[in-house]
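Text of the file target_8.tsv, holding TSV, C-alpha atoms:
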```tsv
chain	number	residue	atom	x	y	z
A	185	MET	CA	-9.10	33.18	-64.93
A	186	SER	CA	-5.96	33.38	-67.08
A	187	SER	CA	-4.32	30.21	-68.31
A	188	SER	CA	-1.06	31.01	-66.45
A	189	ARG	CA	-2.89	31.40	-63.12
A	190	LYS	CA	-4.78	28.19	-63.77
A	191	ARG	CA	-1.53	26.37	-64.40
A	192	THR	CA	-0.09	27.78	-61.17
A	193	LEU	CA	-3.03	26.48	-59.13
A	194	GLU	CA	-2.82	23.09	-60.79
A	195	GLU	CA	0.91	22.89	-60.09
A	196	ALA	CA	0.33	23.82	-56.44
A	197	LYS	CA	-2.31	21.10	-56.09
A	198	ALA	CA	-0.02	18.58	-57.77
A	199	ALA	CA	2.85	19.51	-55.43
A	200	ALA	CA	0.61	19.17	-52.37
A	201	ALA	CA	-0.61	15.79	-53.57
A	202	GLU	CA	2.97	14.62	-54.12
A	203	THR	CA	4.00	15.78	-50.63
A	204	LYS	CA	1.05	13.92	-49.11
A	205	LYS	CA	1.98	10.83	-51.09
A	206	GLN	CA	5.58	10.99	-49.90
A	207	LYS	CA	4.50	11.34	-46.27
A	208	GLY	CA	2.21	8.36	-46.65
A	209	THR	CA	5.03	6.34	-48.16
A	210	ARG	CA	7.33	7.29	-45.28
A	211	ARG	CA	4.81	6.08	-42.73
A	212	GLN	CA	4.52	2.74	-44.53
A	213	ASN	CA	8.26	2.11	-44.48
A	214	PRO	CA	9.32	-0.58	-42.00
A	215	PRO	CA	10.54	0.83	-38.66
A	216	HIS	CA	14.24	0.88	-37.90
A	217	GLY	CA	15.81	-0.52	-34.76
A	218	LEU	CA	18.66	0.36	-32.41
A	219	TYR	CA	21.76	-1.76	-31.94
A	220	ASN	CA	21.97	-3.40	-28.53
A	221	GLN	CA	25.27	-2.71	-26.79
A	222	GLY	CA	24.78	-5.41	-24.19
A	223	ALA	CA	21.96	-5.00	-21.69
A	224	THR	CA	20.52	-1.85	-23.25
A	225	CYS	CA	17.13	-3.22	-24.23
A	226	TYR	CA	15.47	-0.89	-21.70
A	227	LEU	CA	17.34	2.10	-23.15
A	228	ASN	CA	16.31	1.25	-26.72
A	229	SER	CA	12.68	0.93	-25.64
A	230	VAL	CA	12.69	4.43	-24.16
A	231	LEU	CA	14.48	5.94	-27.17
A	232	GLN	CA	11.90	4.42	-29.53
A	233	VAL	CA	9.07	5.84	-27.41
A	234	LEU	CA	10.63	9.29	-27.55
A	235	PHE	CA	11.24	8.95	-31.28
A	236	MET	CA	7.55	8.23	-31.87
A	237	SER	CA	6.52	11.07	-29.54
A	238	THR	CA	6.92	13.68	-32.26
A	239	GLU	CA	5.48	16.37	-29.99
A	240	ILE	CA	8.91	16.79	-28.39
A	241	HIS	CA	11.03	16.83	-31.57
A	242	ASP	CA	10.70	20.55	-32.28
A	243	ARG	CA	11.16	21.35	-28.58
A	244	LEU	CA	14.67	19.88	-28.42
A	245	ASP	CA	17.44	22.48	-28.26
A	246	PRO	CA	20.75	20.86	-29.32
A	247	LYS	CA	22.65	24.09	-28.62
A	248	SER	CA	21.72	24.21	-24.94
A	249	GLN	CA	21.69	20.57	-23.81
A	250	VAL	CA	23.91	17.62	-24.74
A	251	ALA	CA	20.99	15.21	-24.26
A	252	ASP	CA	18.94	17.23	-26.76
A	253	GLU	CA	21.76	17.01	-29.28
A	254	GLU	CA	22.12	13.23	-28.86
A	255	LEU	CA	18.37	12.62	-29.13
A	256	LYS	CA	18.11	14.81	-32.21
A	257	SER	CA	20.93	12.84	-33.85
A	258	ILE	CA	19.31	9.47	-33.05
A	259	PHE	CA	15.90	10.61	-34.32
A	260	GLU	CA	17.38	11.75	-37.63
A	261	LYS	CA	19.20	8.44	-38.10
A	262	LEU	CA	16.14	6.35	-37.20
A	263	GLU	CA	14.30	7.96	-40.10
A	264	GLU	CA	16.76	6.29	-42.47
A	265	ARG	CA	18.41	3.27	-40.87
A	266	THR	CA	19.22	1.21	-37.80
A	267	CYS	CA	21.60	3.20	-35.63
A	268	GLU	CA	23.97	3.02	-32.68
A	269	THR	CA	23.54	4.45	-29.18
A	270	GLU	CA	27.18	4.72	-28.01
A	271	ASN	CA	27.18	8.52	-27.92
A	272	ILE	CA	24.16	8.88	-25.66
A	273	THR	CA	25.26	6.11	-23.28
A	274	GLN	CA	28.67	7.76	-22.95
A	275	SER	CA	27.23	11.23	-22.35
A	276	LEU	CA	24.87	9.85	-19.69
A	277	GLU	CA	27.62	7.62	-18.22
A	278	ILE	CA	25.53	4.46	-18.55
A	279	ASN	CA	26.99	1.03	-17.83
A	280	VAL	CA	25.78	-0.90	-20.90
A	281	CYS	CA	26.43	-4.27	-19.20
A	282	GLN	CA	23.98	-3.55	-16.38
A	283	GLN	CA	20.23	-4.02	-16.80
A	284	ARG	CA	18.22	-1.04	-15.58
A	285	ASP	CA	14.59	-0.06	-15.28
A	286	ALA	CA	13.04	1.58	-18.35
A	287	ALA	CA	10.96	4.06	-16.32
A	288	GLU	CA	14.05	5.05	-14.35
A	289	PHE	CA	15.93	5.72	-17.59
A	290	LEU	CA	13.01	7.67	-19.06
A	291	GLU	CA	13.04	9.97	-16.04
A	292	LEU	CA	16.82	10.31	-16.33
A	293	ILE	CA	16.45	11.41	-19.96
A	294	LEU	CA	13.64	13.84	-19.16
A	295	SER	CA	15.71	15.37	-16.37
A	296	LYS	CA	18.57	16.01	-18.82
A	297	VAL	CA	16.70	17.46	-21.81
A	298	SER	CA	15.38	21.01	-22.17
A	299	PRO	CA	12.41	21.83	-19.88
A	300	SER	CA	10.35	22.74	-22.95
A	301	ALA	CA	10.72	19.14	-24.14
A	302	SER	CA	10.24	17.32	-20.82
A	303	GLU	CA	7.11	19.33	-19.91
A	304	VAL	CA	5.20	17.42	-22.60
A	305	PHE	CA	5.27	14.40	-20.25
A	306	GLN	CA	4.85	16.23	-16.95
A	307	GLY	CA	1.66	16.30	-14.93
A	308	GLU	CA	0.77	16.98	-11.29
A	309	LEU	CA	-0.90	14.79	-8.67
A	310	ARG	CA	-2.46	16.16	-5.50
A	311	HIS	CA	-2.63	13.85	-2.47
A	312	THR	CA	-5.03	14.86	0.28
A	313	THR	CA	-5.61	13.13	3.63
A	314	LYS	CA	-8.54	14.10	5.87
A	315	CYS	CA	-9.78	12.77	9.17
A	316	SER	CA	-13.34	11.50	9.71
A	317	GLU	CA	-14.29	14.96	10.99
A	318	GLY	CA	-13.15	16.60	7.75
A	319	HIS	CA	-9.95	18.17	9.10
A	320	SER	CA	-7.04	18.34	6.68
A	321	ILE	CA	-4.19	16.14	7.91
A	322	ASN	CA	-1.93	16.45	4.90
A	323	GLU	CA	-2.04	17.91	1.39
A	324	GLU	CA	0.78	17.94	-1.13
A	325	THR	CA	1.10	18.38	-4.89
A	326	ASP	CA	3.85	16.52	-6.71
A	327	PRO	CA	4.95	16.52	-10.36
A	328	PHE	CA	5.21	13.23	-12.24
A	329	TRP	CA	6.44	11.92	-15.59
A	330	THR	CA	5.07	8.38	-15.39
A	331	LEU	CA	2.14	6.69	-13.63
A	332	PRO	CA	3.08	3.20	-12.36
A	333	LEU	CA	0.22	0.73	-12.81
A	334	SER	CA	0.31	-2.38	-10.65
A	335	LEU	CA	-0.61	-5.71	-12.23
A	336	ILE	CA	-1.68	-6.98	-8.83
A	337	ASP	CA	-5.33	-6.49	-7.91
A	338	ASP	CA	-6.54	-7.33	-4.40
A	339	ASP	CA	-9.97	-8.21	-5.79
A	340	ASP	CA	-8.87	-11.02	-8.12
A	341	ASP	CA	-6.68	-14.13	-8.17
A	342	GLY	CA	-4.11	-12.71	-10.59
A	343	ASP	CA	-5.02	-15.09	-13.43
A	344	THR	CA	-7.57	-12.91	-15.20
A	345	THR	CA	-6.80	-10.25	-17.81
A	346	LEU	CA	-6.02	-6.92	-16.21
A	347	SER	CA	-7.79	-3.85	-17.54
A	348	VAL	CA	-5.54	-0.80	-17.83
A	349	GLU	CA	-8.66	1.32	-17.45
A	350	SER	CA	-9.63	-0.23	-14.10
A	351	GLY	CA	-6.02	-0.13	-12.93
A	352	PHE	CA	-5.79	3.53	-13.87
A	353	LYS	CA	-8.97	4.32	-11.94
A	354	SER	CA	-7.67	2.47	-8.87
A	355	ILE	CA	-4.89	5.06	-8.58
A	356	PHE	CA	-7.54	7.70	-7.89
A	357	ARG	CA	-9.77	5.53	-5.73
A	358	THR	CA	-10.37	6.82	-2.18
A	359	LYS	CA	-8.35	4.91	0.41
A	360	ARG	CA	-9.63	4.50	3.95
A	361	PHE	CA	-7.65	4.11	7.17
A	362	GLY	CA	-9.03	2.60	10.34
A	363	GLY	CA	-8.24	0.18	13.17
A	364	ASP	CA	-4.46	-0.20	13.54
A	365	ASN	CA	-3.97	2.10	10.55
A	366	MET	CA	-5.71	5.18	11.99
A	367	VAL	CA	-3.93	8.50	11.38
A	368	TYR	CA	-3.10	11.17	13.95
A	369	CYS	CA	-5.01	14.44	13.47
A	370	ASN	CA	-3.62	17.62	15.05
A	371	ASP	CA	-7.07	19.23	15.20
A	372	CYS	CA	-8.66	16.22	16.88
A	373	GLU	CA	-5.50	15.67	18.98
A	374	GLN	CA	-5.79	11.92	18.60
A	375	LYS	CA	-5.61	9.09	16.11
A	376	THR	CA	-8.73	8.92	13.98
A	377	LYS	CA	-10.19	7.26	10.96
A	378	ALA	CA	-9.14	8.99	7.75
A	379	THR	CA	-9.46	8.98	3.99
A	380	SER	CA	-6.83	9.67	1.35
A	381	ASP	CA	-7.58	10.93	-2.14
A	382	CYS	CA	-5.40	11.42	-5.22
A	383	LYS	CA	-6.35	13.79	-8.04
A	384	MET	CA	-4.63	14.71	-11.25
A	385	VAL	CA	-4.68	18.49	-11.08
A	386	LYS	CA	-2.54	18.90	-14.19
A	387	SER	CA	-2.78	16.46	-17.08
A	388	PRO	CA	0.35	16.00	-19.21
A	389	GLN	CA	0.12	16.36	-22.97
A	390	ILE	CA	1.39	12.78	-23.22
A	391	LEU	CA	0.49	10.52	-20.32
A	392	THR	CA	2.96	7.65	-19.82
A	393	VAL	CA	1.46	4.65	-18.02
A	394	LEU	CA	4.03	2.14	-16.81
A	395	LEU	CA	2.96	-1.47	-16.37
A	396	LYS	CA	4.74	-2.75	-13.26
A	397	ARG	CA	5.69	-6.23	-14.42
A	398	PHE	CA	7.80	-6.80	-11.31
A	399	ASP	CA	6.40	-6.90	-7.79
A	400	PHE	CA	7.48	-8.14	-4.38
A	401	ASP	CA	6.09	-11.30	-2.78
A	402	TYR	CA	6.37	-10.95	1.00
A	403	SER	CA	5.57	-14.65	1.52
A	404	ILE	CA	8.85	-15.67	-0.14
A	405	MET	CA	10.61	-12.29	0.32
A	406	ALA	CA	11.59	-12.04	-3.33
A	407	HIS	CA	10.67	-10.16	-6.50
A	408	PHE	CA	8.66	-11.89	-9.19
A	409	LYS	CA	7.59	-11.04	-12.73
A	410	SER	CA	3.92	-11.05	-13.69
A	411	ASP	CA	3.02	-12.58	-17.05
A	412	ARG	CA	-0.70	-11.88	-16.90
A	413	CYS	CA	-2.46	-10.49	-19.96
A	414	VAL	CA	-3.31	-6.79	-20.10
A	415	ASP	CA	-6.23	-5.18	-21.92
A	416	VAL	CA	-5.16	-1.78	-23.30
A	417	PRO	CA	-8.04	0.53	-24.33
A	418	HIS	CA	-7.89	3.07	-27.14
A	419	GLU	CA	-9.01	5.82	-24.76
A	420	LEU	CA	-8.76	6.68	-21.06
A	421	GLN	CA	-10.85	9.17	-19.14
A	422	THR	CA	-9.61	11.13	-16.15
A	423	LYS	CA	-11.36	13.56	-13.88
A	424	ALA	CA	-9.28	16.71	-13.65
A	425	ARG	CA	-9.62	19.82	-11.51
A	426	ARG	CA	-13.08	21.34	-10.97
A	427	GLY	CA	-14.72	18.04	-11.87
A	428	HIS	CA	-14.11	18.31	-15.62
A	429	PHE	CA	-13.54	15.07	-17.48
A	430	GLU	CA	-10.76	14.74	-20.03
A	431	TRP	CA	-10.28	12.04	-22.64
A	432	GLY	CA	-6.94	10.77	-23.86
A	433	SER	CA	-6.34	8.67	-26.97
A	434	LEU	CA	-3.81	5.88	-27.14
A	435	CYS	CA	-0.75	7.37	-28.83
A	436	LEU	CA	1.63	4.47	-28.81
A	437	LEU	CA	1.84	0.84	-27.77
A	438	LEU	CA	5.36	-0.51	-27.51
A	439	LYS	CA	6.12	-4.19	-28.15
A	440	HIS	CA	9.61	-5.58	-27.90
A	441	PHE	CA	10.78	-8.10	-30.52
A	442	PRO	CA	14.52	-8.77	-30.05
A	443	VAL	CA	16.50	-9.81	-33.13
A	444	PRO	CA	20.23	-10.67	-33.27
A	445	ASP	CA	22.41	-7.65	-32.36
A	446	CYS	CA	19.48	-5.27	-32.67
A	447	ASP	CA	16.45	-4.28	-30.66
A	448	LEU	CA	13.43	-3.71	-32.88
A	449	HIS	CA	10.47	-2.29	-31.04
A	450	ARG	CA	7.24	-2.61	-32.94
A	451	ARG	CA	5.36	0.62	-32.55
A	452	THR	CA	1.62	0.85	-33.04
A	453	ARG	CA	0.59	4.49	-33.27
A	454	ARG	CA	-2.83	6.02	-33.76
A	455	THR	CA	-3.05	8.81	-36.30
A	456	ASN	CA	-4.56	12.18	-35.38
A	457	CYS	CA	-3.45	11.76	-31.77
A	458	THR	CA	-4.38	14.81	-29.74
A	459	GLY	CA	-2.91	13.78	-26.37
A	460	TRP	CA	-4.82	14.73	-23.23
```

As structure tokens, what does this structure read like?
Amino acid sequence: MSSSRKRTLEEAKAAAAETKKQKGTRRQNPPHGLYNQGATCYLNSVLQVLFMSTEIHDRLDPKSQVADEELKSIFEKLEERTCETENITQSLEINVCQQRDAAEFLELILSKVSPSASEVFQGELRHTTKCSEGHSINEETDPFWTLPLSLIDDDDDGDTTLSVESGFKSIFRTKRFGGDNMVYCNDCEQKTKATSDCKMVKSPQILTVLLKRFDFDYSIMAHFKSDRCVDVPHELQTKARRGHFEWGSLCLLLKHFPVPDCDLHRRTRRTNCTGW
């Protein structure tokens, strides 16, 4: 091997090592926050989630959608500094003095960006209801961007730690109808006992599980906020179509730590995340 070729290989290795070092340094830099315009904590939470979901960054098309352009601008600024959100709130006509639901805003954003970007979060659920004789009463397949996870479990007193894994499985647990809740079957021509099943027939690349902190108490006819502890696993398993099991790794855990005039959301992200 000639000395010039040897030097070229050594320079290439040195350059690759320097690039790797720079990337590692970037990851170790403290995260940047978003300025709070008023009651925009929910908005900043969603923007930070999207910023850390790097799978959508290259799918944004600033030339075709205004929302793509605004997100791209915010992501670039967050790499360097704390930034403002006035442009995106104006383009989406958001009242910054009104508190809104984070999941609602996430779905608003996903409905405004390019389909190639929003499809990263989109899955499909199939709901099937059958009578006790096996006749199909109803079957429908619906797309979803988030899976709401209730913090209320009928089997406990509400004081214990809730497992996200058990709550996730409860979504797909078979529900049974009987007594006063029997369902009318056209084939049987009468009300009959029935079962209802939910299956995830299409798993999203990034599954967003929403913890429903607020619920409704019918005894006092008012909403309340649950402060129970939640156990978040590193992996979740779901049974997809044809009985195959799929594993998903925890990509991101969002924690909100408000500081004066700025919302800093501490983001814990696993490396080598492969999605679902």

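Note that the spacing between atom CA of A:Asp364 and atom CA of A:Lys314 amounts to 16.7 Å.
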
Exercise. Give the answer as one residue: which of A:Ser334, A:Ser403, A:Asn228, A:Gln274 has the shortest atom-to-atom distance to A:Phe352, using all atoms listed in the file?
Key: A:Ser334

Self-check item: Distance criterion (all atoms listed in the file): nearest to A:Pro388 out of A:Val280, A:Val297, A:Cys315, A:Leu331
Solution: A:Leu331

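The space separating atom CA of A:Ser350 from atom CA of A:His407 comes to 23.8 Å.
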
Per-residue nearest contacts of stretch 276-366 of chain A to stretch 244-257 of chain A (10 Å; all atoms listed in the file) as JSON lines:
```
{"residue": "A:Leu276", "atom": "CA", "partner": "A:Ala251", "partner_atom": "CA", "distance": 8.0}
{"residue": "A:Ile293", "atom": "CA", "partner": "A:Ala251", "partner_atom": "CA", "distance": 7.3}
{"residue": "A:Leu294", "atom": "CA", "partner": "A:Ala251", "partner_atom": "CA", "distance": 9.1}
{"residue": "A:Ser295", "atom": "CA", "partner": "A:Ala251", "partner_atom": "CA", "distance": 9.5}
{"residue": "A:Lys296", "atom": "CA", "partner": "A:Ala251", "partner_atom": "CA", "distance": 6.0}
{"residue": "A:Val297", "atom": "CA", "partner": "A:Ala251", "partner_atom": "CA", "distance": 5.4}
{"residue": "A:Ser298", "atom": "CA", "partner": "A:Leu244", "partner_atom": "CA", "distance": 6.4}
{"residue": "A:Pro299", "atom": "CA", "partner": "A:Leu244", "partner_atom": "CA", "distance": 9.0}
{"residue": "A:Ser300", "atom": "CA", "partner": "A:Leu244", "partner_atom": "CA", "distance": 7.5}
{"residue": "A:Ala301", "atom": "CA", "partner": "A:Leu244", "partner_atom": "CA", "distance": 5.9}
{"residue": "A:Ser302", "atom": "CA", "partner": "A:Leu244", "partner_atom": "CA", "distance": 9.2}
```

For the selection just defined, write its residues with C-alpha atoms to a file, as an mmCIF file, in the coordinates of the input.
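Ended up saving to out.cif:
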```
data_model
loop_
_atom_site.group_PDB
_atom_site.id
_atom_site.type_symbol
_atom_site.label_atom_id
_atom_site.label_comp_id
_atom_site.auth_asym_id
_atom_site.auth_seq_id
_atom_site.Cartn_x
_atom_site.Cartn_y
_atom_site.Cartn_z
ATOM 1 C CA LEU A 276 24.870 9.850 -19.690
ATOM 2 C CA ILE A 293 16.450 11.410 -19.960
ATOM 3 C CA LEU A 294 13.640 13.840 -19.160
ATOM 4 C CA SER A 295 15.710 15.370 -16.370
ATOM 5 C CA LYS A 296 18.570 16.010 -18.820
ATOM 6 C CA VAL A 297 16.700 17.460 -21.810
ATOM 7 C CA SER A 298 15.380 21.010 -22.170
ATOM 8 C CA PRO A 299 12.410 21.830 -19.880
ATOM 9 C CA SER A 300 10.350 22.740 -22.950
ATOM 10 C CA ALA A 301 10.720 19.140 -24.140
ATOM 11 C CA SER A 302 10.240 17.320 -20.820
#
```

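As for atom CA of A:Phe328 and atom CA of A:Arg243, they are spaced 19.2 Å apart.
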
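Comparing A:Cys413, A:Asn220, A:Lys377, A:Pro332 by their smallest distance to A:Asp399, the closest is A:Pro332 (using all atoms listed in the file).
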
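The nearest approach to A:Val367 among the residues A:Ile355, A:Leu262, A:Ile321, A:Val393, with all atoms listed in the file taken into account, belongs to A:Ile321.
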
Quiz item: What would the list of residues within 12 Å of (20.9, 8.7, -35.1) (file frame) look like as a list in words, if all atoms listed in the file are what count?
Solution: His216, Gly217, Leu218, Tyr219, Leu231, Gln232, Phe235, Glu253, Glu254, Leu255, Lys256, Ser257, Ile258, Phe259, Glu260, Lys261, Leu262, Glu263, Glu264, Arg265, Thr266, Cys267, Glu268, Thr269, Glu270, Asn271 and Ile272 of chain A

Quiz item: Smallest atom-to-atom distance to A:Ser380: which of A:Gln283, A:Ser354, A:Thr273, A:Asn322, using only C-alpha atoms?
Solution: A:Asn322

Self-check item: Shortest interatomic distance to A:Glu323 - which of A:Leu234, A:Leu227, A:Cys382, A:Ile390, counting only C-alpha atoms
Solution: A:Cys382

Quiz item: Counting all atoms listed in the file, what is within 12 Å of A:Asp285, bar same-chain residues fewer than 2 positions away, as JSON, numbers by chain?
Solution: {"A": [223, 224, 225, 226, 227, 228, 229, 230, 282, 283, 287, 288, 289, 290, 291, 292, 394, 395, 396, 397, 398]}
